[in-house]
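Colleague: I have a structure I would like to understand better, so I am pasting it below and will then ask my questions one at a time.
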Amino acid sequence: MGADLTARSTRGSRLTTAGALMLERGEEILGLADRALTDVRDLAQLGRTRLRFGTFPTAAARLLPGIVGRVSELGIELDATLEEVAPLVARINQHTLDAALVYAAGSYQLPFRSEVHTTRLFTDPMLVALPAVHPAAAHARFDRSALLSLASDSWVVGSTPGDTLDELVREVFEVEGHKIDVAIRTDDYSVVLGLIAAGMAVGLVPSLVASNPPEGVVLRPIDDPRFARELLLAAPAGPGGPSTAVRQLAEAVRRSISALE
């Protein structure tokens, strides 16, 4: 290692700082090695496995075909359900889904039951979407003051109660004494972008759906790490964690996201 891992004295030996780090990393390495062996053995015994999988629609549009293709090669078939996050959380808590791709924003926590295991997969930054003719379109990026300058605008937000992104937007404005004017509610980002292109509102859109905005819409990054969706795979799990099939599903989601970048 190039450093002492133990220090000896008349009272015996103790780990040095380097030794303590080596012990910690060694335990992680051995744990991963054991998990790799277990996963490969379990996968070899899976045969054809069917998972009830839920995802929110914007993720399904970009990711679901790649996910299905990747897990199919492993002998895993998906019965897919498309719903917004709140119903997916309820289905996971009720164990009527084996796994679900969901998201949370900022410091907000989704109300999962204690036996539900979540795996963080991807951080999806949110972008301010506004008409190209809007005065604030001159900003290359939106800091807090630039975002608050939109307090008098009409906003388009989600139609499903409990969306953590909508709660975050309201909180940021209410802390400064503003109440945003919600003009339209929809969970369809193609509709969101169409309304913004028509000059009817401003809003937030995730980077995953922002690759080809319609003419008349500008997208600007936000200099606040809270304005991002944390994509999570949630699954009911026992003491040993999620099943091998669910862990393989998580890896398939990661690879599908990487293929888009």
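How things are named: the first chain in the structure tokens is A, the next is B, and so on; residues count from 1 in each chain; ligands count from 1 in the order shown.
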Would you pick out the contacts of Val192 in chain A at 8 Å or less, using only C-alpha atoms, so that residues sharing its chain but fewer than 6 positions from it are not included, and give the list as a short mmCIF file (atom, residue, chain, number, x, y, z; two decimals) with all heavy atoms, in the first residue's frame?
Modeller:
```cif
data_model
loop_
_atom_site.label_atom_id
_atom_site.label_comp_id
_atom_site.auth_asym_id
_atom_site.auth_seq_id
_atom_site.Cartn_x
_atom_site.Cartn_y
_atom_site.Cartn_z
N VAL A 156 -47.75 26.71 -15.83
CA VAL A 156 -48.36 25.42 -16.10
C VAL A 156 -47.69 24.41 -15.17
O VAL A 156 -46.46 24.35 -15.11
CB VAL A 156 -48.24 25.02 -17.58
CG1 VAL A 156 -46.81 25.05 -18.06
CG2 VAL A 156 -48.84 23.63 -17.82
N THR A 186 -51.42 20.07 -16.33
CA THR A 186 -51.31 18.90 -17.19
C THR A 186 -50.03 18.15 -16.84
O THR A 186 -49.04 18.76 -16.44
CB THR A 186 -51.30 19.29 -18.69
OG1 THR A 186 -51.12 18.09 -19.48
CG2 THR A 186 -50.18 20.25 -19.00
N GLY A 203 -43.06 27.44 -17.34
CA GLY A 203 -43.07 26.22 -16.55
C GLY A 203 -41.69 25.61 -16.45
O GLY A 203 -40.69 26.19 -16.89
#
```
Colleague: Taking the chain letters and numbering used in this document, name the residues of range 7-249 of chain A that DSSP puts in strand (DSSP E or B), as number ranges by chain.
Modeller: A: 7-9, 12-15, 49-55, 76-82, 99-105, 116-131, 142, 154-157, 181-185, 202-206, 217-222, 228-236, 238, 241
Colleague: So that I can see what lies close to Thr119 in chain A, please list as number ranges by chain the residues with an atom at most 9 Å from it, counting only C-alpha atoms and leaving out residues fewer than 3 positions away in the same chain.
Modeller: A: 231-235, 250
Colleague: Let me see the file: selected residues, N, CA, C and O atoms, as a compact mmCIF listing (two decimals), in the first residue's frame.
Modeller:
```txt
# COMPACT_ATOMS: atom_id res chain seq x y z
N LEU A 231 -34.33 10.28 -10.06
CA LEU A 231 -35.03 9.08 -10.52
C LEU A 231 -34.66 7.91 -9.63
O LEU A 231 -33.48 7.65 -9.37
N LEU A 232 -35.68 7.21 -9.16
CA LEU A 232 -35.50 6.11 -8.21
C LEU A 232 -36.22 4.87 -8.73
O LEU A 232 -37.30 4.98 -9.34
N LEU A 233 -35.64 3.72 -8.48
CA LEU A 233 -36.36 2.47 -8.68
C LEU A 233 -36.79 1.98 -7.30
O LEU A 233 -35.95 1.75 -6.43
N ALA A 234 -38.08 1.86 -7.10
CA ALA A 234 -38.63 1.44 -5.82
C ALA A 234 -39.20 0.04 -5.94
O ALA A 234 -39.83 -0.30 -6.95
N ALA A 235 -38.97 -0.78 -4.91
CA ALA A 235 -39.47 -2.16 -4.93
C ALA A 235 -39.66 -2.65 -3.50
O ALA A 235 -38.81 -2.39 -2.65
N ALA A 250 -32.88 -2.62 -12.40
CA ALA A 250 -32.25 -1.34 -12.07
C ALA A 250 -31.06 -1.07 -12.98
O ALA A 250 -30.88 0.05 -13.48
```
Colleague: For a quick check of understanding, using only C-alpha atoms, which of A:Ala3, A:Leu32, A:Leu165, A:Val246 has the smallest distance to Leu51 in chain A?
Modeller: A:Val246
Colleague: In Å to one decimal, how far is CA of Arg247 in chain A from CA of Ala80 in chain A?
Modeller: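 We find that CA of Ala80 in chain A and CA of Arg247 in chain A lie 16.8 Å from each other.
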Colleague: Within 6 Å of range 205-215 of chain A, counting only C-alpha atoms, which residues show up once you throw out same-chain ones fewer than 6 positions away? Write them as a PyMOL selection string, please.
Modeller: chain A and resi 125-127
Colleague: Take the residues from that selection and put them in a file with all heavy atoms, as a PDB file, in the first residue's frame.
Modeller:
```pdb
ATOM      1  N   PRO A 125     -31.819  17.148 -14.260  1.00  0.00           N
ATOM      2  CA  PRO A 125     -32.007  18.585 -13.982  1.00  0.00           C
ATOM      3  C   PRO A 125     -33.264  19.126 -14.654  1.00  0.00           C
ATOM      4  O   PRO A 125     -33.599  18.752 -15.783  1.00  0.00           O
ATOM      5  CB  PRO A 125     -30.747  19.232 -14.567  1.00  0.00           C
ATOM      6  CG  PRO A 125     -29.760  18.118 -14.691  1.00  0.00           C
ATOM      7  CD  PRO A 125     -30.556  16.885 -14.966  1.00  0.00           C
ATOM      8  N   MET A 126     -33.934  20.036 -13.966  1.00  0.00           N
ATOM      9  CA  MET A 126     -35.087  20.720 -14.531  1.00  0.00           C
ATOM     10  C   MET A 126     -34.631  21.999 -15.218  1.00  0.00           C
ATOM     11  O   MET A 126     -33.646  22.627 -14.825  1.00  0.00           O
ATOM     12  CB  MET A 126     -36.102  21.042 -13.438  1.00  0.00           C
ATOM     13  CG  MET A 126     -36.619  19.840 -12.683  1.00  0.00           C
ATOM     14  SD  MET A 126     -37.459  18.632 -13.748  1.00  0.00           S
ATOM     15  CE  MET A 126     -38.907  19.582 -14.269  1.00  0.00           C
ATOM     16  N   LEU A 127     -35.364  22.378 -16.242  1.00  0.00           N
ATOM     17  CA  LEU A 127     -35.072  23.579 -17.014  1.00  0.00           C
ATOM     18  C   LEU A 127     -36.274  24.511 -16.982  1.00  0.00           C
ATOM     19  O   LEU A 127     -37.426  24.044 -16.987  1.00  0.00           O
ATOM     20  CB  LEU A 127     -34.752  23.217 -18.463  1.00  0.00           C
ATOM     21  CG  LEU A 127     -33.627  22.201 -18.682  1.00  0.00           C
ATOM     22  CD1 LEU A 127     -33.610  21.764 -20.139  1.00  0.00           C
ATOM     23  CD2 LEU A 127     -32.280  22.774 -18.272  1.00  0.00           C
TER      24      LEU A 127
END
```
Colleague: Quick one: residues within 10 Å of Gly19 in chain A, only C-alpha atoms, excluding same-chain residues fewer than 4 positions away - as a PDB file with C-alpha atoms, in the first residue's frame?
Modeller:
```
ATOM      1  CA  MET A   1       0.000   0.000   0.000  1.00  0.00           C
ATOM      2  CA  ALA A   3       1.807   3.183   3.991  1.00  0.00           C
ATOM      3  CA  ASP A   4       1.611   1.505   7.385  1.00  0.00           C
ATOM      4  CA  LEU A   5      -1.773  -0.119   7.934  1.00  0.00           C
ATOM      5  CA  THR A   6      -1.188  -0.873  11.626  1.00  0.00           C
ATOM      6  CA  ALA A   7       0.693   0.823  14.417  1.00  0.00           C
ATOM      7  CA  ARG A  14      -4.240  -0.620  16.123  1.00  0.00           C
ATOM      8  CA  LEU A  15      -5.244   0.442  12.645  1.00  0.00           C
ATOM      9  CA  LEU A  23     -10.516  -2.228   6.017  1.00  0.00           C
ATOM     10  CA  GLU A  24     -13.588  -0.249   4.965  1.00  0.00           C
ATOM     11  CA  ARG A  25     -12.844  -0.599   1.252  1.00  0.00           C
TER      12      ARG A  25
END
```
Colleague: Within 12 Å of Tyr103 in chain A, counting only C-alpha atoms, which residues qualify if same-chain residues fewer than 2 places away don't, as an mmCIF file with N, CA, C and O atoms, in the first residue's frame?
Modeller:
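Contents of out.cif, freshly written:
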```cif
data_model
loop_
_atom_site.group_PDB
_atom_site.id
_atom_site.type_symbol
_atom_site.label_atom_id
_atom_site.label_comp_id
_atom_site.auth_asym_id
_atom_site.auth_seq_id
_atom_site.Cartn_x
_atom_site.Cartn_y
_atom_site.Cartn_z
ATOM 1 N N THR A 55 -44.083 2.846 -14.337
ATOM 2 C CA THR A 55 -43.244 3.998 -14.640
ATOM 3 C C THR A 55 -44.118 5.192 -14.977
ATOM 4 O O THR A 55 -45.267 5.025 -15.406
ATOM 5 N N PHE A 56 -43.578 6.389 -14.771
ATOM 6 C CA PHE A 56 -44.343 7.593 -15.128
ATOM 7 C C PHE A 56 -44.181 7.835 -16.629
ATOM 8 O O PHE A 56 -43.180 7.465 -17.236
ATOM 9 N N PRO A 57 -45.174 8.473 -17.264
ATOM 10 C CA PRO A 57 -45.226 8.522 -18.734
ATOM 11 C C PRO A 57 -44.026 9.163 -19.409
ATOM 12 O O PRO A 57 -43.580 8.690 -20.458
ATOM 13 N N THR A 58 -43.459 10.255 -18.851
ATOM 14 C CA THR A 58 -42.341 10.899 -19.543
ATOM 15 C C THR A 58 -41.114 10.001 -19.582
ATOM 16 O O THR A 58 -40.340 10.039 -20.534
ATOM 17 N N ALA A 59 -40.928 9.192 -18.556
ATOM 18 C CA ALA A 59 -39.820 8.229 -18.577
ATOM 19 C C ALA A 59 -40.122 7.103 -19.557
ATOM 20 O O ALA A 59 -39.230 6.633 -20.268
ATOM 21 N N GLU A 84 -48.820 8.325 -13.022
ATOM 22 C CA GLU A 84 -48.017 9.358 -12.392
ATOM 23 C C GLU A 84 -47.459 8.838 -11.063
ATOM 24 O O GLU A 84 -47.817 7.752 -10.599
ATOM 25 N N VAL A 85 -46.586 9.628 -10.444
ATOM 26 C CA VAL A 85 -45.800 9.136 -9.314
ATOM 27 C C VAL A 85 -46.667 8.739 -8.121
ATOM 28 O O VAL A 85 -46.459 7.680 -7.513
ATOM 29 N N ALA A 86 -47.632 9.578 -7.743
ATOM 30 C CA ALA A 86 -48.436 9.284 -6.549
ATOM 31 C C ALA A 86 -49.147 7.929 -6.640
ATOM 32 O O ALA A 86 -49.079 7.129 -5.692
ATOM 33 N N LEU A 88 -48.212 5.389 -8.429
ATOM 34 C CA LEU A 88 -47.171 4.357 -8.418
ATOM 35 C C LEU A 88 -46.693 4.076 -7.000
ATOM 36 O O LEU A 88 -46.463 2.917 -6.624
ATOM 37 N N VAL A 89 -46.521 5.131 -6.205
ATOM 38 C CA VAL A 89 -46.116 4.953 -4.807
ATOM 39 C C VAL A 89 -47.154 4.100 -4.075
ATOM 40 O O VAL A 89 -46.805 3.172 -3.327
ATOM 41 N N ALA A 100 -41.103 0.015 -9.484
ATOM 42 C CA ALA A 100 -41.615 1.201 -10.162
ATOM 43 C C ALA A 100 -40.514 2.237 -10.284
ATOM 44 O O ALA A 100 -39.719 2.439 -9.358
ATOM 45 N N LEU A 101 -40.470 2.885 -11.438
ATOM 46 C CA LEU A 101 -39.568 4.010 -11.660
ATOM 47 C C LEU A 101 -40.315 5.281 -11.298
ATOM 48 O O LEU A 101 -41.361 5.584 -11.887
ATOM 49 N N ALA A 105 -38.161 15.376 -5.896
ATOM 50 C CA ALA A 105 -37.408 16.610 -6.116
ATOM 51 C C ALA A 105 -37.002 17.238 -4.789
ATOM 52 O O ALA A 105 -37.681 17.075 -3.771
ATOM 53 N N GLY A 106 -35.868 17.964 -4.829
ATOM 54 C CA GLY A 106 -35.426 18.691 -3.649
ATOM 55 C C GLY A 106 -35.242 17.772 -2.459
ATOM 56 O O GLY A 106 -34.728 16.664 -2.566
ATOM 57 N N SER A 107 -35.699 18.239 -1.305
ATOM 58 C CA SER A 107 -35.592 17.451 -0.079
ATOM 59 C C SER A 107 -36.860 16.655 0.204
ATOM 60 O O SER A 107 -36.983 16.041 1.262
ATOM 61 N N TYR A 108 -37.792 16.664 -0.728
ATOM 62 C CA TYR A 108 -39.051 15.964 -0.512
ATOM 63 C C TYR A 108 -38.851 14.455 -0.558
ATOM 64 O O TYR A 108 -38.136 13.940 -1.410
ATOM 65 N N GLN A 109 -39.497 13.760 0.347
ATOM 66 C CA GLN A 109 -39.424 12.307 0.419
ATOM 67 C C GLN A 109 -40.756 11.712 -0.019
ATOM 68 O O GLN A 109 -41.821 12.210 0.358
ATOM 69 N N LEU A 110 -40.701 10.665 -0.810
ATOM 70 C CA LEU A 110 -41.928 9.976 -1.202
ATOM 71 C C LEU A 110 -42.401 9.092 -0.048
ATOM 72 O O LEU A 110 -41.583 8.503 0.664
ATOM 73 N N PRO A 111 -43.715 8.984 0.149
ATOM 74 C CA PRO A 111 -44.251 8.267 1.326
ATOM 75 C C PRO A 111 -44.276 6.756 1.175
ATOM 76 O O PRO A 111 -45.340 6.121 1.227
ATOM 77 N N THR A 118 -35.388 1.674 -2.154
ATOM 78 C CA THR A 118 -35.231 2.566 -3.309
ATOM 79 C C THR A 118 -33.772 2.614 -3.737
ATOM 80 O O THR A 118 -32.871 2.623 -2.901
ATOM 81 N N THR A 119 -33.555 2.623 -5.041
ATOM 82 C CA THR A 119 -32.224 2.720 -5.630
ATOM 83 C C THR A 119 -32.165 3.976 -6.481
ATOM 84 O O THR A 119 -32.973 4.144 -7.410
ATOM 85 N N ARG A 120 -31.221 4.874 -6.162
ATOM 86 C CA ARG A 120 -31.060 6.091 -6.965
ATOM 87 C C ARG A 120 -30.377 5.743 -8.280
ATOM 88 O O ARG A 120 -29.353 5.075 -8.310
ATOM 89 N N LEU A 121 -30.960 6.226 -9.375
ATOM 90 C CA LEU A 121 -30.473 5.860 -10.697
ATOM 91 C C LEU A 121 -29.919 7.037 -11.485
ATOM 92 O O LEU A 121 -28.969 6.870 -12.250
ATOM 93 N N PHE A 122 -30.508 8.221 -11.331
ATOM 94 C CA PHE A 122 -30.152 9.320 -12.212
ATOM 95 C C PHE A 122 -30.677 10.627 -11.638
ATOM 96 O O PHE A 122 -31.753 10.669 -11.047
ATOM 97 N N THR A 123 -29.881 11.690 -11.820
ATOM 98 C CA THR A 123 -30.332 13.036 -11.471
ATOM 99 C C THR A 123 -30.681 13.754 -12.765
ATOM 100 O O THR A 123 -29.828 13.931 -13.647
ATOM 101 N N ASP A 124 -31.933 14.159 -12.879
ATOM 102 C CA ASP A 124 -32.468 14.772 -14.101
ATOM 103 C C ASP A 124 -32.726 16.258 -13.845
ATOM 104 O O ASP A 124 -33.747 16.615 -13.259
ATOM 105 N N PRO A 125 -31.819 17.148 -14.260
ATOM 106 C CA PRO A 125 -32.007 18.585 -13.982
ATOM 107 C C PRO A 125 -33.264 19.126 -14.654
ATOM 108 O O PRO A 125 -33.599 18.752 -15.783
ATOM 109 N N GLY A 162 -49.714 16.080 -5.152
ATOM 110 C CA GLY A 162 -48.576 15.496 -4.465
ATOM 111 C C GLY A 162 -47.298 15.449 -5.261
ATOM 112 O O GLY A 162 -46.307 14.873 -4.802
ATOM 113 N N ASP A 163 -47.266 16.067 -6.455
ATOM 114 C CA ASP A 163 -46.038 16.077 -7.244
ATOM 115 C C ASP A 163 -44.984 16.906 -6.520
ATOM 116 O O ASP A 163 -45.202 18.079 -6.220
ATOM 117 N N THR A 164 -43.828 16.315 -6.249
ATOM 118 C CA THR A 164 -42.812 17.004 -5.445
ATOM 119 C C THR A 164 -42.220 18.213 -6.164
ATOM 120 O O THR A 164 -41.793 19.176 -5.518
ATOM 121 N N LEU A 165 -42.177 18.185 -7.493
ATOM 122 C CA LEU A 165 -41.666 19.339 -8.231
ATOM 123 C C LEU A 165 -42.590 20.530 -8.087
ATOM 124 O O LEU A 165 -42.140 21.670 -7.884
ATOM 125 N N PRO A 206 -38.214 18.615 -17.503
ATOM 126 C CA PRO A 206 -36.985 17.846 -17.214
ATOM 127 C C PRO A 206 -36.101 17.753 -18.443
ATOM 128 O O PRO A 206 -36.571 17.777 -19.581
ATOM 129 N N ALA A 228 -34.128 19.527 -9.555
ATOM 130 C CA ALA A 228 -33.751 18.335 -10.303
ATOM 131 C C ALA A 228 -34.619 17.179 -9.826
ATOM 132 O O ALA A 228 -35.018 17.131 -8.659
ATOM 133 N N ARG A 229 -34.930 16.280 -10.727
ATOM 134 C CA ARG A 229 -35.650 15.063 -10.357
ATOM 135 C C ARG A 229 -34.638 13.967 -10.064
ATOM 136 O O ARG A 229 -33.746 13.717 -10.871
ATOM 137 N N GLU A 230 -34.767 13.359 -8.906
ATOM 138 C CA GLU A 230 -33.974 12.178 -8.597
ATOM 139 C C GLU A 230 -34.784 10.957 -9.023
ATOM 140 O O GLU A 230 -35.830 10.666 -8.438
ATOM 141 N N LEU A 231 -34.330 10.277 -10.061
ATOM 142 C CA LEU A 231 -35.030 9.082 -10.524
ATOM 143 C C LEU A 231 -34.661 7.907 -9.629
ATOM 144 O O LEU A 231 -33.484 7.650 -9.368
ATOM 145 N N LEU A 232 -35.679 7.209 -9.156
ATOM 146 C CA LEU A 232 -35.504 6.111 -8.213
ATOM 147 C C LEU A 232 -36.224 4.875 -8.732
ATOM 148 O O LEU A 232 -37.301 4.984 -9.338
ATOM 149 N N LEU A 233 -35.644 3.716 -8.479
ATOM 150 C CA LEU A 233 -36.365 2.471 -8.676
ATOM 151 C C LEU A 233 -36.789 1.979 -7.300
ATOM 152 O O LEU A 233 -35.947 1.745 -6.428
ATOM 153 N N ALA A 234 -38.078 1.861 -7.102
ATOM 154 C CA ALA A 234 -38.627 1.437 -5.817
ATOM 155 C C ALA A 234 -39.201 0.035 -5.943
ATOM 156 O O ALA A 234 -39.826 -0.303 -6.949
#
```
Colleague: When distances are computed from only C-alpha atoms, which of A:Ser149, A:Pro236, A:Leu249, A:Glu171 shows the smallest separation from Arg50 in chain A?
Modeller: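 For Arg50 in chain A, the nearest of the candidates is A:Leu249.
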Colleague: Contacts of Gly54 in chain A at 9 Å or less, counting only C-alpha atoms, minus same-chain residues fewer than 4 places along, as a list of chain:residue names?
Modeller: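 Once the adjacent positions are removed, what remains is A:Asp79, A:Ala80, A:Thr81, A:Leu82, A:Glu83, A:Leu88, A:Arg91, A:Ile92, A:Leu97, A:Asp98, A:Ala99, A:Ala100, A:Leu101, A:Val102.
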Colleague: Considering only alpha helix (DSSP H) as DSSP defines it on the backbone, what residues of range 25-254 of chain A qualify? List them as a ChimeraX atom specification.
Modeller: /A:25-46,57-72,85-93,144-148,164-175,189-197,244-254
Colleague: CA of Arg144 in chain A to CA of Arg220 in chain A: how many Å, to one decimal?
Modeller: 12.9 Å
Colleague: At what distance in Å, to one decimal, does CA of Ala183 in chain A lie from CA of Ser145 in chain A?
Modeller: 22.0 Å
